[in-house]
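Colleague: The following file, input_5.cif, comprises mmCIF, C-alpha atoms:
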```
data_upload
#
loop_
_atom_site.label_atom_id
_atom_site.label_comp_id
_atom_site.auth_asym_id
_atom_site.auth_seq_id
_atom_site.Cartn_x
_atom_site.Cartn_y
_atom_site.Cartn_z
CA MET N 1 64.18 118.49 115.82
CA LYS N 2 60.66 119.86 115.80
CA ARG N 3 59.44 123.34 116.42
CA VAL N 4 56.43 123.48 118.63
CA GLY N 5 53.72 125.55 117.04
CA GLU N 6 52.17 126.88 120.23
CA VAL N 7 55.22 128.88 121.16
CA GLN N 8 55.38 132.43 119.82
CA SER N 9 59.10 132.98 120.05
CA SER N 10 61.38 131.09 117.66
CA ASN N 11 64.42 131.44 119.84
CA TYR N 12 64.46 127.89 121.07
CA LEU N 13 63.87 124.41 119.80
CA LEU N 14 62.50 121.32 121.42
CA ALA N 15 63.97 117.93 120.72
CA LYS N 16 64.23 114.49 122.21
CA PHE N 17 67.31 114.15 124.36
CA GLU N 18 68.18 110.87 122.62
CA ASN N 19 68.26 112.56 119.23
CA LEU N 20 70.51 115.30 120.50
CA VAL N 21 72.95 112.82 121.99
CA ASP N 22 72.91 110.65 118.86
CA TRP N 23 73.51 113.69 116.68
CA ALA N 24 76.44 114.84 118.77
CA VAL N 25 78.03 111.43 119.18
CA ASN N 26 77.51 110.20 115.64
CA SER N 27 78.80 113.41 114.06
CA SER N 28 81.90 113.19 116.19
CA ARG N 29 82.43 109.55 115.33
CA ALA N 30 81.74 109.86 111.62
CA ASN N 31 83.84 112.96 111.13
CA SER N 32 86.88 111.62 112.92
CA LEU N 33 87.35 108.01 111.90
CA TRP N 34 90.71 106.44 112.61
CA PRO N 35 91.35 103.88 109.90
CA MET N 36 93.37 100.74 110.46
CA PRO N 37 94.78 99.84 107.04
CA PHE N 38 95.10 96.11 106.42
CA GLY N 39 96.77 96.20 103.03
CA THR N 40 97.62 92.89 101.40
CA ALA N 41 97.76 93.62 97.68
CA CYS N 42 97.39 96.20 94.92
CA CYS N 43 94.32 97.73 96.62
CA ALA N 44 96.74 98.96 99.27
CA ILE N 45 98.48 101.05 96.59
CA GLU N 46 95.18 102.74 95.78
CA PHE N 47 94.57 103.09 99.49
CA MET N 48 97.87 104.93 99.82
CA ALA N 49 96.90 107.16 96.90
CA THR N 50 93.64 107.91 98.69
CA ALA N 51 95.59 108.88 101.79
CA ALA N 52 98.12 111.00 99.92
CA SER N 53 97.82 114.66 98.98
CA ARG N 54 95.92 114.42 95.70
CA PHE N 55 92.84 112.70 97.17
CA ASP N 56 93.59 113.14 100.85
CA PHE N 57 91.00 111.40 102.97
CA ALA N 58 92.07 113.65 105.84
CA ARG N 59 89.51 116.01 104.30
CA PHE N 60 86.86 113.64 105.58
CA GLY N 61 88.24 113.47 109.09
CA MET N 62 90.51 110.44 108.65
CA GLU N 63 93.50 112.50 109.63
CA ARG N 64 95.18 109.90 111.72
CA GLN N 65 95.88 106.42 110.43
CA ALA N 66 96.16 103.97 113.26
CA PHE N 67 98.66 101.22 112.65
CA SER N 68 97.58 99.64 115.89
CA PRO N 69 94.15 98.01 116.09
CA ARG N 70 93.70 99.24 119.65
CA GLN N 71 93.60 102.86 118.53
CA ALA N 72 91.45 102.37 115.45
CA ASP N 73 87.78 102.27 114.69
CA VAL N 74 87.50 101.40 111.02
CA LEU N 75 89.31 98.40 109.57
CA ILE N 76 89.98 98.76 105.86
CA CYS N 77 90.88 95.42 104.29
CA ALA N 78 92.62 96.43 101.06
CA GLY N 79 93.42 93.34 99.04
CA ARG N 80 92.86 89.60 98.86
CA LEU N 81 92.90 87.61 102.06
CA PRO N 82 94.55 84.19 102.00
CA PHE N 83 93.35 81.57 104.47
CA LYS N 84 96.66 81.89 106.25
CA LEU N 85 95.77 85.50 107.13
CA ALA N 86 92.22 84.70 108.23
CA PRO N 87 93.07 84.20 111.93
CA VAL N 88 95.20 87.35 111.77
CA ILE N 89 92.46 89.68 110.52
CA ARG N 90 90.07 88.03 112.94
CA ARG N 91 92.36 88.83 115.85
CA ILE N 92 92.94 92.39 114.64
CA TYR N 93 89.19 92.86 114.48
CA ASP N 94 88.77 91.43 117.98
CA GLN N 95 91.46 93.78 119.28
CA MET N 96 89.72 96.89 118.02
CA PRO N 97 87.57 98.66 120.64
CA GLN N 98 83.89 99.31 120.06
CA PRO N 99 82.46 101.05 118.15
CA LYS N 100 84.15 99.62 115.06
CA TRP N 101 83.38 99.30 111.40
CA VAL N 102 84.87 97.38 108.51
CA ILE N 103 85.32 98.45 104.88
CA SER N 104 86.03 95.66 102.43
CA MET N 105 88.01 97.32 99.66
CA GLY N 106 88.13 95.72 96.22
CA ALA N 107 86.76 92.65 94.50
CA CYS N 108 89.06 90.15 96.22
CA ALA N 109 88.36 91.27 99.77
CA SER N 110 84.64 91.35 99.04
CA THR N 111 84.21 88.10 97.10
CA GLY N 112 87.55 86.42 96.51
CA GLY N 113 87.65 88.05 93.07
CA VAL N 114 89.68 86.18 90.48
CA PHE N 115 91.28 84.04 93.16
CA ASP N 116 88.68 81.30 93.32
CA ASN N 117 91.22 78.76 94.51
CA TYR N 118 92.35 76.65 97.42
CA ALA N 119 94.28 79.38 99.18
CA MET N 120 91.93 82.36 99.27
CA VAL N 121 89.09 83.45 101.52
CA GLN N 122 86.00 84.00 99.38
CA GLY N 123 84.99 87.32 100.89
CA ILE N 124 86.15 88.63 104.25
CA ASP N 125 82.56 88.71 105.45
CA THR N 126 83.01 84.99 106.18
CA ILE N 127 85.59 86.04 108.79
CA VAL N 128 84.50 89.47 110.11
CA PRO N 129 81.28 91.50 109.68
CA VAL N 130 81.55 94.08 106.89
CA ASP N 131 79.78 97.45 106.75
CA VAL N 132 80.74 98.78 103.33
CA TYR N 133 81.89 96.88 100.24
CA VAL N 134 83.85 98.90 97.69
CA PRO N 135 83.87 97.20 94.27
CA GLY N 136 86.70 97.56 91.77
CA CYS N 137 89.94 95.87 90.83
CA PRO N 138 91.40 97.86 92.42
CA PRO N 139 88.88 100.64 93.15
CA ARG N 140 90.04 104.12 92.25
CA PRO N 141 90.54 106.52 95.17
CA GLU N 142 87.21 108.15 94.32
CA GLY N 143 85.60 104.75 94.87
CA LEU N 144 87.14 104.35 98.29
CA LEU N 145 86.19 107.92 99.21
CA TYR N 146 82.62 107.20 98.17
CA GLY N 147 82.68 104.09 100.35
CA ILE N 148 83.94 106.17 103.26
CA LEU N 149 81.15 108.72 102.74
CA LEU N 150 78.63 105.86 102.71
CA LEU N 151 80.09 104.69 105.99
CA HIS N 152 79.64 108.24 107.37
CA LYS N 153 76.02 108.06 106.36
CA LYS N 154 75.61 104.70 108.02
CA ILE N 155 77.24 105.88 111.24
CA LYS N 156 75.04 108.97 111.36
CA GLY N 157 72.00 106.75 111.14
CA GLU N 158 72.98 104.66 114.15
CA SER N 159 71.64 105.19 117.64
CA LEU N 160 73.41 104.92 120.97
CA PHE N 161 70.19 103.71 122.52
CA ASP N 162 69.88 100.75 120.22
CA ALA N 163 71.92 98.11 121.97
CA VAL N 164 71.60 95.50 119.23
CA LYS N 165 73.73 97.27 116.65
CA ARG N 166 76.80 97.66 118.81
CA ARG N 167 76.95 94.23 120.37
CA ASP N 168 80.21 92.35 120.26
CA GLU N 169 80.70 89.86 117.52
CA GLN N 170 80.50 86.38 118.98
CA PRO N 171 81.47 83.24 117.10
CA LEU N 172 78.53 80.93 116.53
CA ASP N 173 80.16 77.99 118.28
CA ASP N 174 83.50 76.59 119.37
CA LYS N 175 84.45 76.24 115.71
CA GLY N 176 85.02 79.98 115.50
CA LEU N 177 82.74 80.54 112.52
CA ARG N 178 80.64 83.70 112.50
CA LEU N 179 78.22 82.41 109.87
CA PRO N 180 76.58 78.99 109.61
CA PRO N 181 78.60 76.62 107.36
CA GLU N 182 75.77 76.44 104.80
CA THR N 183 75.84 80.22 104.43
CA ILE N 184 79.60 80.25 103.92
CA ASP N 185 79.32 77.55 101.26
CA GLU N 186 76.51 79.44 99.59
CA ILE N 187 78.26 82.79 99.39
CA SER N 188 81.47 81.09 98.26
CA GLU N 189 79.80 79.53 95.23
CA PRO N 190 81.79 79.95 92.02
CA PHE N 191 80.65 82.69 89.68
CA GLY N 192 81.63 84.21 86.34
CA ASN N 193 84.41 82.37 84.57
CA SER N 194 85.08 80.11 87.48
CA VAL N 195 81.85 78.16 86.97
CA HIS N 196 83.65 76.41 84.15
CA GLN N 197 86.07 74.92 86.63
CA PHE N 198 84.96 72.08 88.80
CA ARG N 199 85.88 70.40 92.01
CA SER N 200 87.35 67.17 90.77
CA SER N 201 87.23 65.02 93.89
CA MET Y 1 132.59 62.17 86.61
CA ILE Y 2 130.61 59.70 88.67
CA PRO Y 3 129.94 56.47 86.77
CA GLY Y 4 126.30 55.67 86.22
CA ALA Y 5 125.08 59.01 87.48
CA VAL Y 6 124.11 60.72 84.24
CA ARG Y 7 121.11 59.27 82.51
CA GLU Y 8 120.94 61.83 79.74
CA ALA Y 9 122.48 65.18 78.96
CA VAL Y 10 120.85 67.75 76.73
CA ALA Y 11 122.41 70.90 75.35
CA ARG Y 12 119.89 73.05 73.53
CA ASP Y 13 119.72 76.75 72.79
CA GLY Y 14 122.77 77.31 74.94
CA GLU Y 15 121.21 75.64 77.95
CA HIS Y 16 122.59 72.55 79.58
CA ILE Y 17 120.27 70.06 81.19
CA VAL Y 18 121.59 66.94 82.86
CA TYR Y 19 119.33 64.13 84.01
CA VAL Y 20 120.77 62.44 87.05
CA THR Y 21 119.66 59.23 88.72
CA ARG Y 22 118.12 59.60 92.13
CA GLU Y 23 120.75 57.45 93.85
CA ARG Y 24 123.69 59.46 92.57
CA LEU Y 25 122.25 62.94 93.02
CA LEU Y 26 124.14 63.86 96.16
CA GLU Y 27 127.45 62.60 94.79
CA THR Y 28 126.92 64.47 91.54
CA MET Y 29 126.05 67.71 93.30
CA THR Y 30 129.09 67.42 95.55
CA TRP Y 31 131.24 66.81 92.51
CA LEU Y 32 129.76 69.81 90.68
CA LYS Y 33 130.34 72.07 93.64
CA GLU Y 34 133.80 71.00 94.69
CA THR Y 35 135.69 69.88 91.60
CA PRO Y 36 138.13 72.46 90.23
CA GLY Y 37 136.93 73.44 86.78
CA GLN Y 38 133.28 72.95 87.79
CA GLU Y 39 132.84 75.14 90.86
CA PHE Y 40 129.08 75.56 90.74
CA ASP Y 41 129.02 77.50 93.98
CA TYR Y 42 125.59 79.10 93.75
CA LEU Y 43 122.24 77.30 94.01
CA VAL Y 44 119.76 79.49 92.16
CA ASP Y 45 116.57 77.53 92.68
CA VAL Y 46 115.02 74.18 93.47
CA THR Y 47 111.65 73.41 92.00
CA ALA Y 48 109.62 70.55 90.60
CA VAL Y 49 107.52 69.82 87.52
CA GLU Y 50 104.62 67.45 87.20
CA PHE Y 51 103.32 66.76 83.71
CA ARG Y 52 99.78 66.22 82.56
CA ASP Y 53 100.78 62.87 81.16
CA ARG Y 54 100.37 60.58 84.14
CA GLU Y 55 103.01 58.14 82.91
CA ARG Y 56 105.65 60.80 82.81
CA PRO Y 57 107.77 61.04 85.95
CA LEU Y 58 107.72 64.05 88.23
CA GLU Y 59 110.95 66.02 87.90
CA VAL Y 60 112.83 67.79 90.64
CA VAL Y 61 114.89 70.56 89.05
CA TYR Y 62 118.02 72.21 90.41
CA PHE Y 63 119.40 75.41 88.89
CA LEU Y 64 123.11 75.84 89.55
CA ARG Y 65 125.42 78.69 88.63
CA SER Y 66 129.13 79.14 88.89
CA LEU Y 67 129.70 82.75 89.83
CA LYS Y 68 133.37 82.40 89.02
CA ARG Y 69 133.05 80.77 85.58
CA ARG Y 70 129.75 82.49 84.74
CA VAL Y 71 128.01 79.38 83.51
CA ASP Y 72 124.71 77.78 84.40
CA ILE Y 73 123.61 74.19 84.53
CA ARG Y 74 120.27 72.56 85.20
CA ILE Y 75 120.14 69.23 87.01
CA LYS Y 76 116.99 67.13 86.86
CA VAL Y 77 116.01 64.08 88.87
CA GLU Y 78 113.09 62.02 87.63
CA LEU Y 79 110.80 60.36 90.16
CA ALA Y 80 108.63 57.68 88.58
CA PRO Y 81 104.97 57.64 89.63
CA ALA Y 82 105.34 54.15 91.10
CA ASP Y 83 108.33 55.03 93.28
CA GLU Y 84 108.23 56.97 96.49
CA LEU Y 85 108.60 60.72 96.04
CA ALA Y 86 111.90 61.17 97.81
CA VAL Y 87 115.37 62.49 96.98
CA ASP Y 88 118.41 63.32 99.07
CA SER Y 89 118.54 66.80 100.49
CA ILE Y 90 121.36 69.02 99.27
CA TRP Y 91 121.10 71.24 102.32
CA HIS Y 92 124.56 70.19 103.45
CA LEU Y 93 126.07 71.55 100.25
CA TRP Y 94 124.05 74.75 99.91
CA HIS Y 95 122.23 75.92 103.05
CA GLY Y 96 120.12 78.07 100.76
CA ALA Y 97 118.30 74.90 99.78
CA ASP Y 98 116.52 74.92 103.15
CA TRP Y 99 113.45 76.92 102.23
CA LEU Y 100 113.54 75.92 98.55
CA GLU Y 101 113.22 72.26 99.45
CA ARG Y 102 110.55 73.05 102.00
CA GLU Y 103 108.56 74.80 99.29
CA VAL Y 104 108.83 71.80 96.95
CA PHE Y 105 107.77 69.56 99.81
CA ASP Y 106 104.83 71.83 100.61
CA MET Y 107 103.58 72.16 97.05
CA PHE Y 108 104.45 68.73 95.58
CA GLY Y 109 104.93 66.42 98.54
CA VAL Y 110 108.47 65.46 97.62
CA THR Y 111 110.41 64.33 100.69
CA PHE Y 112 114.00 65.50 100.97
CA LYS Y 113 115.96 62.97 102.99
CA GLY Y 114 118.41 64.59 105.37
CA HIS Y 115 116.74 67.99 105.40
CA PRO Y 116 117.10 69.45 108.91
CA ASP Y 117 113.60 70.93 109.21
CA LEU Y 118 111.28 69.63 106.53
CA ARG Y 119 107.81 71.11 107.10
CA ARG Y 120 105.35 73.21 105.17
CA ILE Y 121 106.40 76.75 104.40
CA LEU Y 122 103.64 78.41 102.35
CA MET Y 123 100.59 76.63 103.70
CA TRP Y 124 100.16 76.34 107.45
CA GLU Y 125 101.57 73.24 109.09
CA THR Y 126 98.26 71.61 109.91
CA TYR Y 127 97.05 72.03 106.32
CA ALA Y 128 95.42 68.71 105.57
CA GLU Y 129 94.18 68.96 102.01
CA GLY Y 130 97.30 67.67 100.31
CA TYR Y 131 99.85 69.21 97.97
CA PRO Y 132 98.35 72.07 95.95
CA LEU Y 133 100.54 72.01 92.85
CA ARG Y 134 99.99 68.32 92.13
CA LYS Y 135 97.85 67.60 89.07
CA SER Y 136 95.48 65.51 91.17
CA PHE Y 137 94.73 68.48 93.42
CA PRO Y 138 91.42 70.21 92.65
CA LEU Y 139 91.76 73.97 92.12
CA ARG Y 140 89.48 74.92 94.99
CA GLY Y 141 90.89 72.40 97.41
CA ARG Y 142 89.35 69.22 98.73
CA PHE Y 143 87.25 70.53 101.59
CA SER Y 144 84.13 72.68 101.47
CA ARG Y 145 84.61 76.41 101.86
CA ALA Y 146 83.06 76.36 105.31
CA GLU Y 147 85.46 73.64 106.44
CA GLN Y 148 88.38 75.58 104.97
CA VAL Y 149 87.32 78.72 106.84
CA ARG Y 150 86.95 76.74 110.05
CA GLN Y 151 90.38 75.15 109.76
CA ALA Y 152 91.98 78.46 108.84
CA LEU Y 153 90.43 80.23 111.82
CA ASN Y 154 91.57 77.47 114.14
CA ALA Y 155 95.16 77.58 112.92
CA ASN Y 156 97.30 79.20 115.57
CA PRO Y 157 99.70 81.32 113.53
CA GLU Y 158 102.08 82.03 116.41
CA ALA Y 159 102.67 78.37 117.08
CA HIS Y 160 104.24 77.75 113.72
CA TYR Y 161 107.45 79.68 114.17
CA SER Y 162 110.53 78.81 116.14
CA LEU Y 163 112.28 81.36 118.32
CA GLU Y 164 114.97 81.77 115.69
CA GLU Y 165 112.47 82.50 112.96
CA LEU Y 166 110.89 85.21 115.08
CA SER Y 167 114.35 86.80 115.57
CA ILE Y 168 113.75 87.04 119.28
CA ALA Y 169 116.05 84.26 120.37
CA ASP Y 170 118.29 86.81 122.10
CA ALA Y 171 115.38 88.25 124.04
CA GLU Y 172 114.18 84.91 125.31
CA GLY Y 173 114.81 85.76 128.95
CA GLU Y 174 112.74 88.92 128.71
CA LEU Y 175 109.67 87.43 127.09
CA PRO Y 176 106.50 87.02 129.11
CA GLU Y 177 106.30 83.61 130.75
CA ASP Y 178 103.31 82.36 128.78
CA MET Y 179 104.77 83.40 125.44
CA ARG Y 180 108.08 81.73 126.19
CA GLU Y 181 106.36 78.53 127.18
CA ARG Y 182 104.26 78.53 124.07
CA LEU Y 183 107.23 79.13 121.80
CA LEU Y 184 109.47 76.58 123.46
CA LYS Y 185 106.75 74.00 123.41
CA GLY Y 186 106.37 74.78 119.76
CA GLU Y 187 102.74 73.64 119.80
CA ARG Y 188 103.17 72.60 116.23
CA GLY Y 189 100.45 70.80 114.41
CA LYS Y 190 100.95 67.30 113.15
CA ILE Y 191 101.98 67.20 109.52
CA PRO Y 192 99.16 65.35 107.80
CA GLU Y 193 99.59 62.19 105.84
CA PRO Y 194 99.57 62.69 102.08
CA PRO Y 195 96.07 62.02 100.77
CA ALA Y 196 95.38 59.13 98.45
CA SER Y 197 95.85 60.33 94.90
CA ASN Y 198 92.92 60.43 92.56
CA PRO Y 199 92.13 57.41 90.42
#
```
Represent the supplied structure as structure tokens.
Modeller:
Amino acid sequence: MKRVGEVQSSNYLLAKFENLVDWAVNSSRANSLWPMPFGTACCAIEFMATAASRFDFARFGMERQAFSPRQADVLICAGRLPFKLAPVIRRIYDQMPQPKWVISMGACASTGGVFDNYAMVQGIDTIVPVDVYVPGCPPRPEGLLYGILLLHKKIKGESLFDAVKRRDEQPLDDKGLRLPPETIDEISEPFGNSVHQFRSS
Amino acid sequence: MIPGAVREAVARDGEHIVYVTRERLLETMTWLKETPGQEFDYLVDVTAVEFRDRERPLEVVYFLRSLKRRVDIRIKVELAPADELAVDSIWHLWHGADWLEREVFDMFGVTFKGHPDLRRILMWETYAEGYPLRKSFPLRGRFSRAEQVRQALNANPEAHYSLEELSIADAEGELPEDMRERLLKGERGKIPEPPASNP
């Protein structure tokens, strides 16, 4: 908000209406996120620690955990995602109302982690769009809290009047993929120790 | 005991392993369960082992325990690589073998003849890449990651369970029409043919 120099009194401010609305809406959204925990592994234990009294993410407005996707606005995938759960998390994401965000918690949710094998999704961003990646195996509660604060920052930078950011996620084609197949193959490339393994057929 | 059933019996470190021929497995198991003095009434586990040596047969392993006599026994059936991978199901003796045999089928591709509902249990039913715990199976699977993601997203998880498995058989009359239809129809995928093993 800018002060206009010509005016003698400092008792009022001038601002663009859009900025005022964005400020009000985004502060409300960021400071009262309702998380939908999708806990599949040990990251969920750290998630529970983050929710419990010692770390207490209610301090950052996440007072109410929503165990129903229809009353949630941030999906926290805590743990590795097997291919068998891929359609499940996809449907949970589709069931959440806009606006919605996704935090990928831990190495496995973000990249597949140590599970570079036939059964595991190599990063949930091949299934749903992700806003914040929290590294760690599992991340400590401080790590998740930092990720949540980053998400706050991201939300506060959004604008209601920018239609592109809040559009619904549409699959690319009838195959249900959200990324082109080449991109999925590329981001699922082996890394670290797993480069020493090879696809034998 | 049953003549010609035992191929070899090993007792080592207090453990008893009996190798049984494939043809006599069912008879032997019945005998072990029902003969006074044997009474192996508890089936602990069914699993399988494939060895790195390609000549060595794949073994299906049964862990039995007699709760009354407090003794264990391990029964093994060897399936030579040239033969078909099939043994008789012991579901009729121990109903607990249901899911155990399904798991061995899912992971190793061993067919259990006489099993009431032999289909995949860990992987989804339309999984087409083969049997993951076989030595010929590549660690990351046979398809590209993009193809795996596509197939996973197109799996319909609700279609793979029967009414009984969903524990809503009693509520069948109260289910929404479309859900009931879908469940009764069972829209199950076709169980894929086992892939040709690697040369």
Colleague: Check the smallest atom-to-atom distance from each of Y:Glu125, Y:Glu181, Y:Glu15, Y:Glu174 to chain N using all atoms listed in the file, then report the winner.
Modeller: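 Ranking Y:Glu125, Y:Glu181, Y:Glu15, Y:Glu174 by distance to chain N, first place goes to Y:Glu125.
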Colleague: If you measure from atom CA of Y:Leu133 to atom CA of Y:Gly109, what distance in Å do you get, rounded to one decimal?
Modeller: 9.1 Å
Colleague: Figure out the distance between atom CA of N:Val121 and atom CA of N:Pro82, please, to one decimal in Å.
Modeller: 5.5 Å
Colleague: Check every residue of chain N for an atom within 10 Å of chain Y, counting only C-alpha atoms, and provide those that qualify as a ChimeraX atom specification.
Modeller: /N:82-91,115-122,126-127,174-190,197-201
Colleague: Interatomic distance between atom CA of Y:Thr30 and atom CA of Y:Phe51?
Modeller: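 Computed distance, atom CA of Y:Thr30 to atom CA of Y:Phe51, equals 28.4 Å.
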Colleague: Hey, what comes out of the PyMOL selection byres ((chain N and resi 67) around 12) on this file? Could you write it as a PyMOL selection string?
Modeller: chain N and resi 34-39+64-66+68-76+92+96
Colleague: Save the residues we just selected, C-alpha atoms, as a short mmCIF file (atom, residue, chain, number, x, y, z; two decimals), keeping the file's coordinate frame?
Modeller:
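To be explicit, this is the file written out as out.cif:
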```cif
data_model
loop_
_atom_site.label_atom_id
_atom_site.label_comp_id
_atom_site.auth_asym_id
_atom_site.auth_seq_id
_atom_site.Cartn_x
_atom_site.Cartn_y
_atom_site.Cartn_z
CA TRP N 34 90.71 106.44 112.61
CA PRO N 35 91.35 103.88 109.90
CA MET N 36 93.37 100.74 110.46
CA PRO N 37 94.78 99.84 107.04
CA PHE N 38 95.10 96.11 106.42
CA GLY N 39 96.77 96.20 103.03
CA ARG N 64 95.18 109.90 111.72
CA GLN N 65 95.88 106.42 110.43
CA ALA N 66 96.16 103.97 113.26
CA SER N 68 97.58 99.64 115.89
CA PRO N 69 94.15 98.01 116.09
CA ARG N 70 93.70 99.24 119.65
CA GLN N 71 93.60 102.86 118.53
CA ALA N 72 91.45 102.37 115.45
CA ASP N 73 87.78 102.27 114.69
CA VAL N 74 87.50 101.40 111.02
CA LEU N 75 89.31 98.40 109.57
CA ILE N 76 89.98 98.76 105.86
CA ILE N 92 92.94 92.39 114.64
CA MET N 96 89.72 96.89 118.02
#
```
Colleague: Tell me which residues the PyMOL selection byres ((chain N and resi 42) around 8) grabs here, as an MDAnalysis selection string.
Modeller: chainID N and resid 40:41 43:46 78:79 138
Colleague: So that I have them on file, write out the residues from the current selection with C-alpha atoms, as a PDB file, in the coordinates of the input.
Modeller:
```pdb
ATOM      1  CA  THR N  40      97.620  92.890 101.400  1.00  0.00           C
ATOM      2  CA  ALA N  41      97.760  93.620  97.680  1.00  0.00           C
ATOM      3  CA  CYS N  43      94.320  97.730  96.620  1.00  0.00           C
ATOM      4  CA  ALA N  44      96.740  98.960  99.270  1.00  0.00           C
ATOM      5  CA  ILE N  45      98.480 101.050  96.590  1.00  0.00           C
ATOM      6  CA  GLU N  46      95.180 102.740  95.780  1.00  0.00           C
ATOM      7  CA  ALA N  78      92.620  96.430 101.060  1.00  0.00           C
ATOM      8  CA  GLY N  79      93.420  93.340  99.040  1.00  0.00           C
ATOM      9  CA  PRO N 138      91.400  97.860  92.420  1.00  0.00           C
TER      10      PRO N 138
END
```
Colleague: Determine the residue set returned by the PyMOL selection byres ((chain N and resi 147) around 9) for the present structure, and present it as a PyMOL selection string.
Modeller: chain N and resi 103+105+132-134+142-146+148-152
Colleague: Could those selected residues go to a file with C-alpha atoms, as a tab-separated table (two decimals), in the frame of the given file?
Modeller:
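After the write, again34.tsv holds the following:
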```tsv
chain	number	residue	atom	x	y	z
N	103	ILE	CA	85.32	98.45	104.88
N	105	MET	CA	88.01	97.32	99.66
N	132	VAL	CA	80.74	98.78	103.33
N	133	TYR	CA	81.89	96.88	100.24
N	134	VAL	CA	83.85	98.90	97.69
N	142	GLU	CA	87.21	108.15	94.32
N	143	GLY	CA	85.60	104.75	94.87
N	144	LEU	CA	87.14	104.35	98.29
N	145	LEU	CA	86.19	107.92	99.21
N	146	TYR	CA	82.62	107.20	98.17
N	148	ILE	CA	83.94	106.17	103.26
N	149	LEU	CA	81.15	108.72	102.74
N	150	LEU	CA	78.63	105.86	102.71
N	151	LEU	CA	80.09	104.69	105.99
N	152	HIS	CA	79.64	108.24	107.37
```
Colleague: So that I can check the surroundings of stretch 157-159 of chain N, please list as a PyMOL selection string every protein, DNA and RNA residue that reaches within 9 Å of it, counting all atoms listed in the file and ignoring chain neighbours fewer than 4 positions away.
Modeller: chain N and resi 18-19+21-23+26+152-153+163+165
Colleague: Take stretch 48-63 of chain N, model N, CA and C atoms, and hand the result over as a PDB file, keeping the file's coordinate frame.
Modeller:
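The result, written out as part-v3.pdb:
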```
ATOM      1  N   MET N  48      96.845 103.931  99.529  1.00  0.00           N
ATOM      2  CA  MET N  48      97.870 104.930  99.820  1.00  0.00           C
ATOM      3  C   MET N  48      97.645 106.181  98.992  1.00  0.00           C
ATOM      4  N   ALA N  49      97.202 105.991  97.731  1.00  0.00           N
ATOM      5  CA  ALA N  49      96.900 107.160  96.900  1.00  0.00           C
ATOM      6  C   ALA N  49      95.755 107.952  97.505  1.00  0.00           C
ATOM      7  N   THR N  50      94.776 107.223  98.069  1.00  0.00           N
ATOM      8  CA  THR N  50      93.640 107.910  98.690  1.00  0.00           C
ATOM      9  C   THR N  50      94.109 108.709  99.908  1.00  0.00           C
ATOM     10  N   ALA N  51      95.108 108.184 100.594  1.00  0.00           N
ATOM     11  CA  ALA N  51      95.590 108.880 101.790  1.00  0.00           C
ATOM     12  C   ALA N  51      96.510 110.036 101.452  1.00  0.00           C
ATOM     13  N   ALA N  52      97.102 110.000 100.252  1.00  0.00           N
ATOM     14  CA  ALA N  52      98.120 111.000  99.920  1.00  0.00           C
ATOM     15  C   ALA N  52      97.470 112.311  99.454  1.00  0.00           C
ATOM     16  N   SER N  53      98.287 113.271  99.101  1.00  0.00           N
ATOM     17  CA  SER N  53      97.820 114.660  98.980  1.00  0.00           C
ATOM     18  C   SER N  53      96.776 114.869  97.892  1.00  0.00           C
ATOM     19  N   ARG N  54      96.837 114.110  96.796  1.00  0.00           N
ATOM     20  CA  ARG N  54      95.920 114.420  95.700  1.00  0.00           C
ATOM     21  C   ARG N  54      94.460 114.145  96.085  1.00  0.00           C
ATOM     22  N   PHE N  55      94.222 113.035  96.780  1.00  0.00           N
ATOM     23  CA  PHE N  55      92.840 112.700  97.170  1.00  0.00           C
ATOM     24  C   PHE N  55      92.597 112.998  98.647  1.00  0.00           C
ATOM     25  N   ASP N  56      93.539 112.631  99.490  1.00  0.00           N
ATOM     26  CA  ASP N  56      93.590 113.140 100.850  1.00  0.00           C
ATOM     27  C   ASP N  56      92.344 112.871 101.670  1.00  0.00           C
ATOM     28  N   PHE N  57      92.207 111.660 102.183  1.00  0.00           N
ATOM     29  CA  PHE N  57      91.000 111.400 102.970  1.00  0.00           C
ATOM     30  C   PHE N  57      91.007 112.098 104.333  1.00  0.00           C
ATOM     31  N   ALA N  58      92.096 112.817 104.637  1.00  0.00           N
ATOM     32  CA  ALA N  58      92.070 113.650 105.840  1.00  0.00           C
ATOM     33  C   ALA N  58      90.979 114.717 105.723  1.00  0.00           C
ATOM     34  N   ARG N  59      90.597 115.047 104.488  1.00  0.00           N
ATOM     35  CA  ARG N  59      89.510 116.010 104.300  1.00  0.00           C
ATOM     36  C   ARG N  59      88.211 115.513 104.900  1.00  0.00           C
ATOM     37  N   PHE N  60      88.093 114.205 105.031  1.00  0.00           N
ATOM     38  CA  PHE N  60      86.860 113.640 105.580  1.00  0.00           C
ATOM     39  C   PHE N  60      87.066 113.177 107.018  1.00  0.00           C
ATOM     40  N   GLY N  61      88.056 113.737 107.666  1.00  0.00           N
ATOM     41  CA  GLY N  61      88.240 113.470 109.090  1.00  0.00           C
ATOM     42  C   GLY N  61      89.143 112.295 109.392  1.00  0.00           C
ATOM     43  N   MET N  62      89.630 111.580 108.356  1.00  0.00           N
ATOM     44  CA  MET N  62      90.510 110.440 108.650  1.00  0.00           C
ATOM     45  C   MET N  62      91.947 110.933 108.672  1.00  0.00           C
ATOM     46  N   GLU N  63      92.185 111.864 109.572  1.00  0.00           N
ATOM     47  CA  GLU N  63      93.500 112.500 109.630  1.00  0.00           C
ATOM     48  C   GLU N  63      94.558 111.532 110.106  1.00  0.00           C
TER      49      GLU N  63
END
```
